[in-house]
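What follows is the content of target.txt (compact mmCIF, C-alpha atoms and all ligand atoms).
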```
# COMPACT_ATOMS: atom_id res chain seq x y z
CA MET A 1 -23.61 24.80 -10.00
CA SER A 2 -25.74 22.11 -8.34
CA SER A 3 -27.67 21.52 -11.59
CA HIS A 4 -24.47 20.71 -13.49
CA GLY A 5 -23.17 17.24 -14.20
CA PHE A 6 -20.37 15.55 -12.30
CA ALA A 7 -17.49 16.33 -14.66
CA THR A 8 -18.52 20.00 -14.88
CA LYS A 9 -18.69 20.31 -11.10
CA ALA A 10 -15.30 18.61 -10.71
CA ILE A 11 -13.74 21.25 -12.95
CA HIS A 12 -15.63 24.33 -11.73
CA ALA A 13 -17.31 23.93 -8.31
CA GLY A 14 -15.63 26.11 -5.70
CA GLN A 15 -13.09 27.24 -8.30
CA ALA A 16 -14.17 30.62 -9.66
CA PRO A 17 -11.31 32.44 -11.43
CA ASP A 18 -9.13 34.31 -8.93
CA SER A 19 -10.79 37.66 -8.20
CA ALA A 20 -7.50 39.54 -7.83
CA THR A 21 -5.79 38.43 -11.05
CA GLY A 22 -8.21 36.43 -13.16
CA ALA A 23 -6.02 33.31 -12.83
CA ILE A 24 -8.21 30.47 -14.09
CA ILE A 25 -6.68 28.01 -11.65
CA THR A 26 -7.10 28.54 -7.91
CA PRO A 27 -3.68 29.75 -6.73
CA ILE A 28 -1.70 28.06 -3.97
CA TYR A 29 -2.25 30.53 -1.15
CA ALA A 30 1.02 29.83 0.63
CA THR A 31 0.42 32.03 3.63
CA SER A 32 -0.02 31.32 7.31
CA THR A 33 -1.84 34.53 8.19
CA PHE A 34 -4.07 37.20 6.60
CA VAL A 35 -3.97 40.96 7.18
CA GLN A 36 -6.95 42.43 9.01
CA GLU A 37 -8.35 45.94 8.42
CA ARG A 38 -9.35 46.37 12.03
CA PRO A 39 -9.33 43.69 14.76
CA GLY A 40 -11.78 41.03 13.64
CA VAL A 41 -12.50 42.72 10.28
CA HIS A 42 -11.03 40.67 7.42
CA LYS A 43 -11.85 39.07 4.06
CA GLY A 44 -13.02 35.78 5.55
CA TYR A 45 -9.60 34.34 6.39
CA GLU A 46 -7.46 34.97 9.47
CA TYR A 47 -5.09 32.02 9.94
CA SER A 48 -4.49 29.08 7.60
CA ARG A 49 -5.22 26.32 10.11
CA SER A 50 -8.74 27.75 10.50
CA GLY A 51 -9.18 28.42 6.80
CA ASN A 52 -7.15 28.85 3.63
CA PRO A 53 -8.53 29.86 0.19
CA THR A 54 -6.92 26.94 -1.68
CA ARG A 55 -8.26 24.48 0.89
CA SER A 56 -11.68 26.18 0.82
CA ALA A 57 -11.89 25.72 -2.95
CA LEU A 58 -11.16 22.01 -2.51
CA GLU A 59 -13.65 21.68 0.36
CA ASN A 60 -16.39 23.35 -1.68
CA CYS A 61 -15.61 21.20 -4.70
CA ILE A 62 -15.82 17.89 -2.83
CA ALA A 63 -19.01 19.02 -1.05
CA ALA A 64 -20.58 19.69 -4.47
CA LEU A 65 -19.40 16.34 -5.89
CA GLU A 66 -20.74 14.32 -2.94
CA GLU A 67 -23.94 16.41 -2.93
CA GLY A 68 -23.45 17.44 0.69
CA VAL A 69 -23.39 20.82 2.42
CA ALA A 70 -19.85 21.03 3.78
CA GLY A 71 -16.44 19.55 2.99
CA PHE A 72 -13.40 19.29 5.26
CA ALA A 73 -9.85 18.56 4.11
CA PHE A 74 -7.30 16.76 6.29
CA ALA A 75 -3.65 15.76 6.13
CA SER A 76 -4.58 12.10 5.55
CA GLY A 77 -7.55 9.79 5.33
CA LEU A 78 -6.82 8.53 8.83
CA ALA A 79 -6.64 12.10 10.21
CA ALA A 80 -10.15 12.66 8.79
CA GLU A 81 -11.40 9.37 10.25
CA SER A 82 -9.87 10.20 13.62
CA VAL A 83 -11.80 13.49 13.80
CA ILE A 84 -15.08 11.71 13.06
CA ILE A 85 -14.48 9.33 15.97
CA ASP A 86 -13.45 12.27 18.17
CA THR A 87 -16.99 13.69 17.84
CA LEU A 88 -18.29 10.74 19.90
CA PRO A 89 -18.69 10.84 23.67
CA LYS A 90 -16.55 8.49 25.80
CA GLY A 91 -17.93 4.99 26.15
CA SER A 92 -19.73 5.03 22.79
CA HIS A 93 -20.34 1.82 20.88
CA ILE A 94 -19.55 1.65 17.16
CA ILE A 95 -20.66 -0.97 14.66
CA ALA A 96 -18.12 -1.33 11.84
CA THR A 97 -17.71 -3.42 8.70
CA ASP A 98 -15.59 -6.51 9.50
CA ASP A 99 -13.58 -6.35 6.26
CA LEU A 100 -12.14 -2.85 7.00
CA TYR A 101 -9.12 -1.06 5.61
CA GLY A 102 -6.22 -2.18 7.86
CA GLY A 103 -5.30 1.33 9.00
CA THR A 104 -8.89 2.06 10.01
CA PHE A 105 -8.96 -1.15 12.03
CA ARG A 106 -5.70 -0.13 13.73
CA LEU A 107 -7.02 3.38 14.48
CA PHE A 108 -10.21 1.98 15.99
CA ASP A 109 -8.71 -0.95 17.83
CA LYS A 110 -5.28 0.27 18.97
CA VAL A 111 -5.96 3.98 19.50
CA LYS A 112 -9.58 5.01 19.88
CA ARG A 113 -10.77 1.99 21.85
CA GLU A 114 -8.42 2.76 24.73
CA LEU A 115 -8.37 6.55 24.62
CA GLN A 116 -12.13 6.98 24.33
CA ASP A 117 -13.30 3.79 26.04
CA LEU A 118 -14.98 2.85 22.78
CA GLU A 119 -16.66 -0.46 22.25
CA ILE A 120 -16.52 -1.71 18.68
CA THR A 121 -18.39 -4.58 17.07
CA TYR A 122 -17.20 -5.74 13.66
CA VAL A 123 -19.93 -7.34 11.59
CA ASP A 124 -20.40 -8.72 8.11
CA MET A 125 -22.69 -5.98 6.85
CA THR A 126 -23.79 -7.89 3.78
CA ASP A 127 -26.09 -9.51 6.37
CA GLU A 128 -28.24 -6.56 7.49
CA SER A 129 -29.81 -8.52 10.34
CA ALA A 130 -26.34 -8.81 11.87
CA VAL A 131 -26.10 -5.01 11.95
CA VAL A 132 -29.48 -4.60 13.67
CA GLY A 133 -28.57 -7.39 16.08
CA ALA A 134 -25.40 -5.53 17.09
CA ILE A 135 -27.19 -2.32 18.12
CA ARG A 136 -26.97 -1.59 21.87
CA SER A 137 -28.18 1.21 24.13
CA ASN A 138 -24.83 3.03 23.78
CA THR A 139 -24.45 2.56 20.02
CA ARG A 140 -23.77 5.92 18.39
CA LEU A 141 -22.38 5.25 14.96
CA ILE A 142 -22.36 2.77 12.07
CA TRP A 143 -19.16 2.76 9.99
CA VAL A 144 -19.43 1.24 6.53
CA GLU A 145 -16.79 0.59 3.91
CA THR A 146 -18.08 -0.55 0.51
CA PRO A 147 -16.76 -2.05 -1.71
CA THR A 148 -14.84 -3.72 1.10
CA ASN A 149 -11.12 -4.14 1.00
CA PRO A 150 -9.75 -6.51 -0.21
CA LEU A 151 -12.72 -8.88 -0.60
CA LEU A 152 -14.79 -6.39 -2.66
CA LYS A 153 -18.05 -7.24 -0.98
CA ILE A 154 -20.83 -4.72 -1.53
CA ILE A 155 -22.94 -3.45 1.36
CA ASP A 156 -26.45 -2.09 0.78
CA LEU A 157 -26.08 1.58 1.69
CA GLU A 158 -29.77 2.40 1.51
CA LYS A 159 -30.62 -0.29 4.07
CA ILE A 160 -27.88 0.82 6.46
CA ALA A 161 -28.94 4.48 6.13
CA ALA A 162 -32.53 3.53 6.98
CA MET A 163 -31.28 1.63 10.03
CA GLY A 164 -29.32 4.68 11.12
CA THR A 165 -32.40 6.89 10.81
CA ALA A 166 -34.63 4.42 12.66
CA HIS A 167 -32.21 4.08 15.58
CA GLU A 168 -30.87 7.67 15.55
CA LEU A 169 -27.32 6.58 14.79
CA ILE A 170 -24.70 8.53 12.83
CA THR A 171 -23.96 6.72 9.57
CA VAL A 172 -20.52 7.05 7.98
CA CYS A 173 -19.39 5.64 4.65
CA ASP A 174 -15.73 5.30 3.74
CA ASN A 175 -16.15 6.00 0.02
CA THR A 176 -12.47 5.60 -0.92
CA PHE A 177 -12.79 2.44 -3.02
CA ALA A 178 -15.73 3.55 -5.14
CA SER A 179 -14.79 7.25 -5.29
CA THR A 180 -17.41 9.95 -5.40
CA TYR A 181 -17.81 9.37 -9.13
CA LEU A 182 -19.21 5.86 -8.73
CA GLN A 183 -21.12 6.11 -5.47
CA LYS A 184 -23.00 8.85 -3.56
CA PRO A 185 -23.75 7.67 0.00
CA LEU A 186 -25.18 11.04 1.12
CA THR A 187 -27.93 10.88 -1.51
CA LEU A 188 -28.87 7.46 -0.07
CA GLY A 189 -29.28 8.96 3.41
CA PHE A 190 -25.80 8.65 4.96
CA ASP A 191 -24.75 11.44 7.33
CA LEU A 192 -21.04 11.53 6.51
CA VAL A 193 -18.72 10.41 3.76
CA VAL A 194 -15.00 10.04 4.39
CA HIS A 195 -12.27 9.54 1.78
CA SER A 196 -8.68 8.69 1.67
CA ALA A 197 -8.22 11.23 -1.14
CA THR A 198 -4.74 9.77 -1.46
CA LYS A 199 -6.35 7.19 -3.73
CA TYR A 200 -8.76 7.80 -6.64
CA LEU A 201 -9.70 11.41 -5.88
CA ASN A 202 -6.14 12.63 -6.29
CA GLY A 203 -5.32 9.75 -8.62
CA HIS A 204 -1.67 10.49 -9.26
CA SER A 205 -0.01 8.85 -6.24
CA ASP A 206 1.78 12.06 -5.27
CA ILE A 207 0.06 13.15 -2.02
CA VAL A 208 -1.60 11.79 1.13
CA ALA A 209 -4.91 13.50 1.95
CA GLY A 210 -8.29 12.96 3.59
CA LEU A 211 -11.74 14.47 3.06
CA ILE A 212 -15.04 14.46 4.94
CA VAL A 213 -18.36 15.63 3.52
CA ALA A 214 -21.46 16.17 5.67
CA ARG A 215 -25.00 15.77 4.34
CA GLN A 216 -26.44 18.46 6.54
CA ASP A 217 -25.48 21.37 8.68
CA ASP A 218 -26.10 19.70 12.05
CA GLU A 219 -24.43 19.16 15.40
CA VAL A 220 -22.06 16.52 13.99
CA SER A 221 -20.84 18.66 11.07
CA ARG A 222 -20.44 21.68 13.36
CA ARG A 223 -18.37 19.52 15.72
CA ILE A 224 -16.20 18.34 12.81
CA ARG A 225 -15.64 21.96 11.75
CA PHE A 226 -14.62 22.82 15.33
CA LEU A 227 -12.30 19.81 15.67
CA GLN A 228 -10.65 20.36 12.27
CA ASN A 229 -9.36 23.69 13.57
CA ALA A 230 -8.94 22.70 17.23
CA ILE A 231 -6.90 19.56 16.45
CA GLY A 232 -5.27 21.09 13.38
CA SER A 233 -4.68 18.03 11.19
CA VAL A 234 -5.48 20.09 8.07
CA LEU A 235 -4.37 19.66 4.47
CA SER A 236 -1.69 22.11 3.28
CA PRO A 237 -2.38 24.65 0.49
CA PHE A 238 0.10 22.84 -1.80
CA ASP A 239 -1.57 19.47 -1.36
CA SER A 240 -5.03 21.08 -1.66
CA PHE A 241 -3.93 22.45 -5.05
CA LEU A 242 -2.71 19.05 -6.26
CA LEU A 243 -5.89 17.36 -5.08
CA LEU A 244 -8.06 19.95 -6.86
CA ARG A 245 -6.06 19.32 -10.02
CA GLY A 246 -6.56 15.58 -9.65
CA LEU A 247 -10.31 15.93 -9.10
CA LYS A 248 -10.74 17.70 -12.43
CA THR A 249 -10.08 14.46 -14.32
CA LEU A 250 -11.80 12.07 -11.90
CA ALA A 251 -14.71 11.30 -14.24
CA VAL A 252 -12.56 10.26 -17.21
CA ARG A 253 -10.09 8.42 -15.01
CA MET A 254 -12.80 6.39 -13.26
CA GLU A 255 -14.33 5.38 -16.60
CA ALA A 256 -10.92 4.09 -17.71
CA HIS A 257 -10.23 2.33 -14.36
CA CYS A 258 -13.61 0.57 -14.57
CA ALA A 259 -13.20 -0.50 -18.20
CA ASN A 260 -9.68 -1.85 -17.64
CA ALA A 261 -10.61 -3.65 -14.41
CA HIS A 262 -13.66 -5.21 -16.04
CA ALA A 263 -11.57 -6.54 -18.95
CA ILE A 264 -8.99 -7.94 -16.53
CA ALA A 265 -11.60 -9.58 -14.29
CA LEU A 266 -13.16 -11.32 -17.31
CA TYR A 267 -9.74 -12.45 -18.54
CA LEU A 268 -8.68 -13.83 -15.15
CA GLU A 269 -12.02 -15.55 -14.59
CA ALA A 270 -11.59 -17.52 -17.82
CA HIS A 271 -7.96 -18.47 -17.12
CA PRO A 272 -7.31 -22.08 -16.01
CA LYS A 273 -4.56 -21.04 -13.58
CA VAL A 274 -6.86 -18.70 -11.67
CA ARG A 275 -8.95 -20.28 -8.90
CA GLU A 276 -11.32 -17.44 -8.05
CA VAL A 277 -11.87 -13.81 -9.04
CA LEU A 278 -13.57 -11.29 -6.74
CA TYR A 279 -15.05 -8.43 -8.77
CA PRO A 280 -18.59 -7.06 -8.39
CA GLY A 281 -18.82 -6.47 -12.14
CA LEU A 282 -18.81 -10.20 -12.90
CA PRO A 283 -22.37 -11.48 -13.42
CA GLY A 284 -21.54 -14.49 -11.22
CA SER A 285 -20.55 -12.30 -8.25
CA PRO A 286 -22.99 -12.52 -5.33
CA TYR A 287 -22.75 -8.70 -5.15
CA HIS A 288 -23.43 -8.00 -8.82
CA ARG A 289 -27.04 -6.92 -8.37
CA ILE A 290 -26.53 -4.61 -5.45
CA ALA A 291 -23.42 -3.10 -7.09
CA THR A 292 -25.41 -2.46 -10.28
CA ARG A 293 -28.08 -0.70 -8.26
CA GLN A 294 -25.93 1.51 -6.06
CA MET A 295 -22.83 2.17 -8.14
CA LYS A 296 -22.31 3.86 -11.49
CA GLY A 297 -19.57 1.34 -12.37
CA TYR A 298 -17.83 -1.57 -10.69
CA GLY A 299 -14.57 0.13 -9.80
CA GLY A 300 -10.90 -0.40 -10.54
CA MET A 301 -10.04 -3.00 -7.90
CA VAL A 302 -9.84 -6.73 -8.66
CA SER A 303 -8.88 -9.46 -6.16
CA PHE A 304 -8.13 -13.08 -7.03
CA TYR A 305 -6.63 -16.39 -5.97
CA LEU A 306 -4.29 -18.35 -8.22
CA GLN A 307 -4.13 -22.12 -8.45
CA GLY A 308 -0.88 -23.27 -6.89
CA GLY A 309 -0.90 -21.69 -3.42
CA ALA A 310 1.90 -19.65 -1.89
CA GLU A 311 4.56 -20.86 -4.28
CA GLY A 312 2.56 -19.99 -7.37
CA THR A 313 1.66 -16.60 -5.94
CA GLU A 314 5.33 -15.85 -5.25
CA ARG A 315 6.36 -16.84 -8.77
CA PHE A 316 3.57 -14.76 -10.29
CA LEU A 317 4.61 -11.67 -8.29
CA GLN A 318 8.22 -12.12 -9.45
CA ALA A 319 7.16 -12.38 -13.09
CA ILE A 320 4.69 -9.51 -13.31
CA GLN A 321 6.22 -6.32 -14.70
CA LEU A 322 3.77 -3.54 -15.49
CA PHE A 323 1.94 -3.93 -12.19
CA SER A 324 4.23 -2.57 -9.47
CA LEU A 325 4.34 -4.37 -6.14
CA ALA A 326 3.16 -1.67 -3.73
CA GLU A 327 0.56 -0.75 -1.16
CA SER A 328 -2.07 1.90 -1.92
CA LEU A 329 -4.44 2.11 -4.86
CA GLY A 330 -6.37 4.44 -7.11
CA GLY A 331 -3.48 5.97 -9.03
CA VAL A 332 -3.13 6.07 -12.82
CA GLU A 333 -0.49 3.31 -12.63
CA SER A 334 -1.38 -0.32 -11.96
CA LEU A 335 -0.36 -1.84 -8.63
CA ILE A 336 -0.37 -5.36 -7.25
CA GLU A 337 -0.14 -6.54 -3.65
CA VAL A 338 -0.80 -9.39 -1.23
CA PRO A 339 -3.13 -7.93 1.46
CA ALA A 340 -2.30 -10.50 4.16
CA LEU A 341 1.40 -9.62 3.94
CA MET A 342 1.13 -5.92 3.13
CA THR A 343 -1.92 -3.63 3.59
CA HIS A 344 -3.69 -5.93 6.04
CA ALA A 345 -0.69 -7.24 7.98
CA SER A 346 -1.78 -5.18 11.02
CA ILE A 347 -4.93 -7.30 11.29
CA PRO A 348 -4.26 -10.42 13.43
CA LYS A 349 -4.02 -13.62 11.37
CA GLU A 350 -6.96 -15.27 13.14
CA VAL A 351 -9.17 -12.26 12.37
CA ARG A 352 -8.02 -12.26 8.72
CA GLU A 353 -8.82 -15.94 8.41
CA LYS A 354 -12.23 -15.50 10.00
CA ILE A 355 -13.25 -12.89 7.46
CA GLY A 356 -11.70 -14.78 4.54
CA ILE A 357 -8.53 -12.87 3.66
CA GLY A 358 -6.28 -15.77 2.70
CA ASP A 359 -2.49 -15.49 2.75
CA THR A 360 -2.38 -15.93 -1.04
CA LEU A 361 -5.11 -13.48 -2.01
CA ILE A 362 -3.77 -11.04 -4.64
CA ARG A 363 -5.23 -7.54 -5.03
CA LEU A 364 -4.87 -5.42 -8.15
CA SER A 365 -5.38 -1.69 -8.36
CA VAL A 366 -5.93 -1.51 -12.10
CA GLY A 367 -4.53 1.69 -13.60
CA ILE A 368 -5.40 3.48 -16.80
CA GLU A 369 -2.59 2.18 -19.01
CA ASP A 370 -3.55 0.58 -22.37
CA PRO A 371 -5.63 -2.46 -21.44
CA ASP A 372 -3.87 -4.68 -24.00
CA ASP A 373 -0.54 -4.03 -22.29
CA LEU A 374 -1.98 -4.93 -18.89
CA LEU A 375 -3.55 -8.13 -20.23
CA ARG A 376 -0.31 -9.15 -21.96
CA ASP A 377 1.61 -8.63 -18.72
CA LEU A 378 -0.84 -10.82 -16.79
CA GLU A 379 -0.64 -13.42 -19.55
CA GLN A 380 3.15 -13.70 -19.46
CA ALA A 381 3.18 -13.86 -15.63
CA LEU A 382 0.49 -16.58 -15.61
CA ALA A 383 2.51 -18.52 -18.19
CA THR A 384 5.31 -18.95 -15.63
CA LEU A 385 3.01 -21.11 -13.47
CA ASN A 386 3.06 -24.80 -14.18
C1 LIG B 401 -5.88 4.34 2.33
C2 LIG B 401 -7.19 4.19 2.97
C3 LIG B 401 -7.51 4.84 4.17
C4 LIG B 401 -6.49 5.67 4.94
O1 LIG B 401 -6.15 6.84 4.27
P1 LIG B 401 -4.71 7.55 4.31
O2 LIG B 401 -4.87 8.65 3.33
O3 LIG B 401 -3.69 6.53 3.95
O4 LIG B 401 -4.53 8.03 5.72
C5 LIG B 401 -8.77 4.68 4.68
N1 LIG B 401 -9.70 3.92 4.08
C6 LIG B 401 -9.44 3.27 2.93
C7 LIG B 401 -10.51 2.44 2.30
C8 LIG B 401 -8.19 3.38 2.34
O5 LIG B 401 -7.92 2.70 1.22
```
What does this structure look like when you write it as structure tokens?
Ligand SMILES: *Cc1c(COP(=O)(O)O)cnc(C)c1O
Amino acid sequence: MSSHGFATKAIHAGQAPDSATGAIITPIYATSTFVQERPGVHKGYEYSRSGNPTRSALENCIAALEEGVAGFAFASGLAAESVIIDTLPKGSHIIATDDLYGGTFRLFDKVKRELQDLEITYVDMTDESAVVGAIRSNTRLIWVETPTNPLLKIIDLEKIAAMGTAHELITVCDNTFASTYLQKPLTLGFDLVVHSATKYLNGHSDIVAGLIVARQDDEVSRRIRFLQNAIGSVLSPFDSFLLLRGLKTLAVRMEAHCANAHAIALYLEAHPKVREVLYPGLPGSPYHRIATRQMKGYGGMVSFYLQGGAEGTERFLQAIQLFSLAESLGGVESLIEVPALMTHASIPKEVREKIGIGDTLIRLSVGIEDPDDLLRDLEQALATLN
């Protein structure tokens, strides 16, 4: 299976036809426990928190797609992230991307910092010297999110991985925004990849789920395996089934997301009522070169500022129709939001301003509808601005 291409692996890896019935699709093993022949003698499963065949299929599939050795499925992206941080000893220091997903920032800053006496330094990782400069004697882990959210900056994964190796630090990449189709951090030397599978991997906006993939079978991945069962924040068999179904079409969906987002970024960039467009696929983006090198496409997220400030932004949001005003991203349907007021509201205003998330920044999660319909909708909403 490892010699197969991405789309083939997404459809087949970990998903052999059911041995009992021949069912081509991995069944939903809705069972809490498994019968044992004699105490301790069983078919590999004993209790569904520790392991469930539907979840195993999903975990093997994502491990194959990320080109790692082991996958772990959790009840949400944040549950997965929490377990990664739980592997660290008390008093550890973490270096994290400054432009982080709001919920990750909240988990680090409002939960883990106090409970585990963590120290956290947030740095602009597009400046690699800032990352090296932040390393201390108790630094254990570097946490990277790229493309960043919502500013869509691109961080050089190869450089960060090399830094991790040189200083014996665990490197983690939140790969949610790119998806495993566009970006493979483990092949660039990262130790762990984490996903909010709620987004592109599932792609249909009907579940919340998290995944971790480990590059090697080492102390960290063994600890994650232990904690997944010991803490118990696992993904249910039903949601594992839906996520497996979503993964099967990831390759074709991502191609469509990228094509639509690219067309929209070009359209917005040329529009007189748009002040600035943030999209790594635009040749003028400061991140275009690094994105071209480390990603297979530029992704489905586009952020921009309108001319006309808060009032214009408000009017635009009222006028837009096909893009639904909602948090989240990565589904087949197009969404629009204002990060400062919605997804990133949990980040203090002064921190937001420092990293450049203005109150009128608009973020699009471009879906896979017909691109002409999306462009027409943007056009009519822009026409309401004077
Ligand atoms: C949504 C998201 C998360 C959190 O995942 P949940 O599934 O909502 O718990 C983490 N990181 C990024 C980049 C996200 O977009």
- Task: Please measure the separation of atom CA of Leu65 of chain A and atom CA of Ala178 of chain A, giving the value in Å to one decimal.
- Result: 13.3 Å
Which residues form the shell of 10 Å around ligand LIG 401 (chain B) when you count all atoms listed in the file, given as a compact mmCIF listing (two decimals) with C-alpha atoms, in the frame of the given file?
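The resulting result-v5.txt:
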```txt
# COMPACT_ATOMS: atom_id res chain seq x y z
CA PHE A 74 -7.30 16.76 6.29
CA ALA A 75 -3.65 15.76 6.13
CA SER A 76 -4.58 12.10 5.55
CA GLY A 77 -7.55 9.79 5.33
CA LEU A 78 -6.82 8.53 8.83
CA ALA A 79 -6.64 12.10 10.21
CA ALA A 80 -10.15 12.66 8.79
CA GLU A 81 -11.40 9.37 10.25
CA SER A 82 -9.87 10.20 13.62
CA LEU A 100 -12.14 -2.85 7.00
CA TYR A 101 -9.12 -1.06 5.61
CA GLY A 102 -6.22 -2.18 7.86
CA GLY A 103 -5.30 1.33 9.00
CA THR A 104 -8.89 2.06 10.01
CA PHE A 105 -8.96 -1.15 12.03
CA LEU A 107 -7.02 3.38 14.48
CA VAL A 144 -19.43 1.24 6.53
CA GLU A 145 -16.79 0.59 3.91
CA THR A 146 -18.08 -0.55 0.51
CA PRO A 147 -16.76 -2.05 -1.71
CA THR A 148 -14.84 -3.72 1.10
CA ASN A 149 -11.12 -4.14 1.00
CA PRO A 150 -9.75 -6.51 -0.21
CA CYS A 173 -19.39 5.64 4.65
CA ASP A 174 -15.73 5.30 3.74
CA ASN A 175 -16.15 6.00 0.02
CA THR A 176 -12.47 5.60 -0.92
CA PHE A 177 -12.79 2.44 -3.02
CA ALA A 178 -15.73 3.55 -5.14
CA SER A 179 -14.79 7.25 -5.29
CA VAL A 194 -15.00 10.04 4.39
CA HIS A 195 -12.27 9.54 1.78
CA SER A 196 -8.68 8.69 1.67
CA ALA A 197 -8.22 11.23 -1.14
CA THR A 198 -4.74 9.77 -1.46
CA LYS A 199 -6.35 7.19 -3.73
CA TYR A 200 -8.76 7.80 -6.64
CA ILE A 207 0.06 13.15 -2.02
CA VAL A 208 -1.60 11.79 1.13
CA ALA A 209 -4.91 13.50 1.95
CA GLY A 210 -8.29 12.96 3.59
CA LEU A 211 -11.74 14.47 3.06
CA GLU A 327 0.56 -0.75 -1.16
CA SER A 328 -2.07 1.90 -1.92
CA LEU A 329 -4.44 2.11 -4.86
CA GLY A 330 -6.37 4.44 -7.11
CA THR A 343 -1.92 -3.63 3.59
```
- Atom-to-atom span, atom CA of Ala214 of chain A and atom CA of Ser92 of chain A, Å: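 Pair atom CA of Ala214 of chain A / atom CA of Ser92 of chain A returns 20.5 Å.
Around segment 236-244 of chain A, within 8 Å and counting all atoms listed in the file, the residues found are Thr26, Pro27, Ile28, Tyr29, Ala30, Asn52, Thr54, Arg55, Ala57, Leu58, Cys61, Ala73, Ala75, Ala197, Leu201, Asn202, Ile207, Ala209, Leu247 and Lys248 of chain A, once anything fewer than 3 positions away on its own chain is removed.
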- Out of A:Glu333, A:Thr313, A:Gln183, A:Asp156, which residue has the shortest atom-to-atom distance to Asp206 of chain A when counting only C-alpha atoms?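 For Asp206 of chain A, the nearest of the given residues is A:Glu333.
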Give me the box for segment 84-99 of chain A as JSON, namely the centre and edge lengths in Å to one decimal of a box along x, y and z that holds every listed atom plus 3 Å on each side.
```
{"center_x": -17.1, "center_y": 3.6, "center_z": 16.2, "size_x": 13.2, "size_y": 26.2, "size_z": 25.9}
```
Near-segment 127-141 of chain A list (8 Å; all atoms listed in the file; drop same-chain fewer than 3 positions) as a PDB file with C-alpha atoms, in the coordinates of the input:
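File out.pdb, as written:
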```pdb
ATOM      1  CA  LEU A  88     -18.290  10.740  19.900  1.00  0.00           C
ATOM      2  CA  GLY A  91     -17.930   4.990  26.150  1.00  0.00           C
ATOM      3  CA  SER A  92     -19.730   5.030  22.790  1.00  0.00           C
ATOM      4  CA  HIS A  93     -20.340   1.820  20.880  1.00  0.00           C
ATOM      5  CA  ILE A  94     -19.550   1.650  17.160  1.00  0.00           C
ATOM      6  CA  ILE A  95     -20.660  -0.970  14.660  1.00  0.00           C
ATOM      7  CA  THR A 121     -18.390  -4.580  17.070  1.00  0.00           C
ATOM      8  CA  VAL A 123     -19.930  -7.340  11.590  1.00  0.00           C
ATOM      9  CA  ASP A 124     -20.400  -8.720   8.110  1.00  0.00           C
ATOM     10  CA  LYS A 159     -30.620  -0.290   4.070  1.00  0.00           C
ATOM     11  CA  ILE A 160     -27.880   0.820   6.460  1.00  0.00           C
ATOM     12  CA  MET A 163     -31.280   1.630  10.030  1.00  0.00           C
ATOM     13  CA  GLY A 164     -29.320   4.680  11.120  1.00  0.00           C
ATOM     14  CA  GLU A 168     -30.870   7.670  15.550  1.00  0.00           C
ATOM     15  CA  LEU A 169     -27.320   6.580  14.790  1.00  0.00           C
ATOM     16  CA  ILE A 170     -24.700   8.530  12.830  1.00  0.00           C
ATOM     17  CA  THR A 171     -23.960   6.720   9.570  1.00  0.00           C
ATOM     18  CA  VAL A 172     -20.520   7.050   7.980  1.00  0.00           C
TER      19      VAL A 172
END
```
- Coordinates-based distance that separates atom CA of Glu59 of chain A from atom CA of Phe72 of chain A (Å, one decimal):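 Between atom CA of Phe72 of chain A and atom CA of Glu59 of chain A the gap works out to 5.5 Å.
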- Item | Selected residue of minimal separation from Asp372 of chain A among A:Asn260, A:Gln36, A:Ser3, A:Thr384, counting all atoms listed in the file | A:Asn260
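Residue nearest Asp217 of chain A, chosen from A:Leu192, A:Ala16, A:Ala230, A:Leu268 and counting all atoms listed in the file: A:Leu192.
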- Residues near Gly189 of chain A, cut-off 9 Å, all atoms listed in the file, skip fewer than 4 positions along chain, as a PyMOL selection string: chain A and resi 157-158+160-162+164-165+171+185+215
Skipping near chain neighbours, those fewer than 5 positions away, what residues fall within 12 Å of Arg293 of chain A using only C-alpha atoms, listed as a PDB file with C-alpha atoms, keeping the file's coordinate frame?
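And here's selection.pdb as it stands now:
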```pdb
ATOM      1  CA  ILE A 154     -20.830  -4.720  -1.530  1.00  0.00           C
ATOM      2  CA  ILE A 155     -22.940  -3.450   1.360  1.00  0.00           C
ATOM      3  CA  ASP A 156     -26.450  -2.090   0.780  1.00  0.00           C
ATOM      4  CA  LEU A 157     -26.080   1.580   1.690  1.00  0.00           C
ATOM      5  CA  GLU A 158     -29.770   2.400   1.510  1.00  0.00           C
ATOM      6  CA  LEU A 182     -19.210   5.860  -8.730  1.00  0.00           C
ATOM      7  CA  GLN A 183     -21.120   6.110  -5.470  1.00  0.00           C
ATOM      8  CA  LYS A 184     -23.000   8.850  -3.560  1.00  0.00           C
ATOM      9  CA  LEU A 188     -28.870   7.460  -0.070  1.00  0.00           C
ATOM     10  CA  PRO A 280     -18.590  -7.060  -8.390  1.00  0.00           C
ATOM     11  CA  GLY A 281     -18.820  -6.470 -12.140  1.00  0.00           C
ATOM     12  CA  TYR A 287     -22.750  -8.700  -5.150  1.00  0.00           C
ATOM     13  CA  HIS A 288     -23.430  -8.000  -8.820  1.00  0.00           C
ATOM     14  CA  TYR A 298     -17.830  -1.570 -10.690  1.00  0.00           C
TER      15      TYR A 298
END
```
- Would you mind telling me which residue in A:Leu118, A:Pro348, A:Lys153, A:Ala7 lies nearest to Ala291 of chain A when using all atoms listed in the file?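 Of A:Leu118, A:Pro348, A:Lys153, A:Ala7, the one nearest Ala291 of chain A, counting all atoms listed in the file, is A:Lys153.
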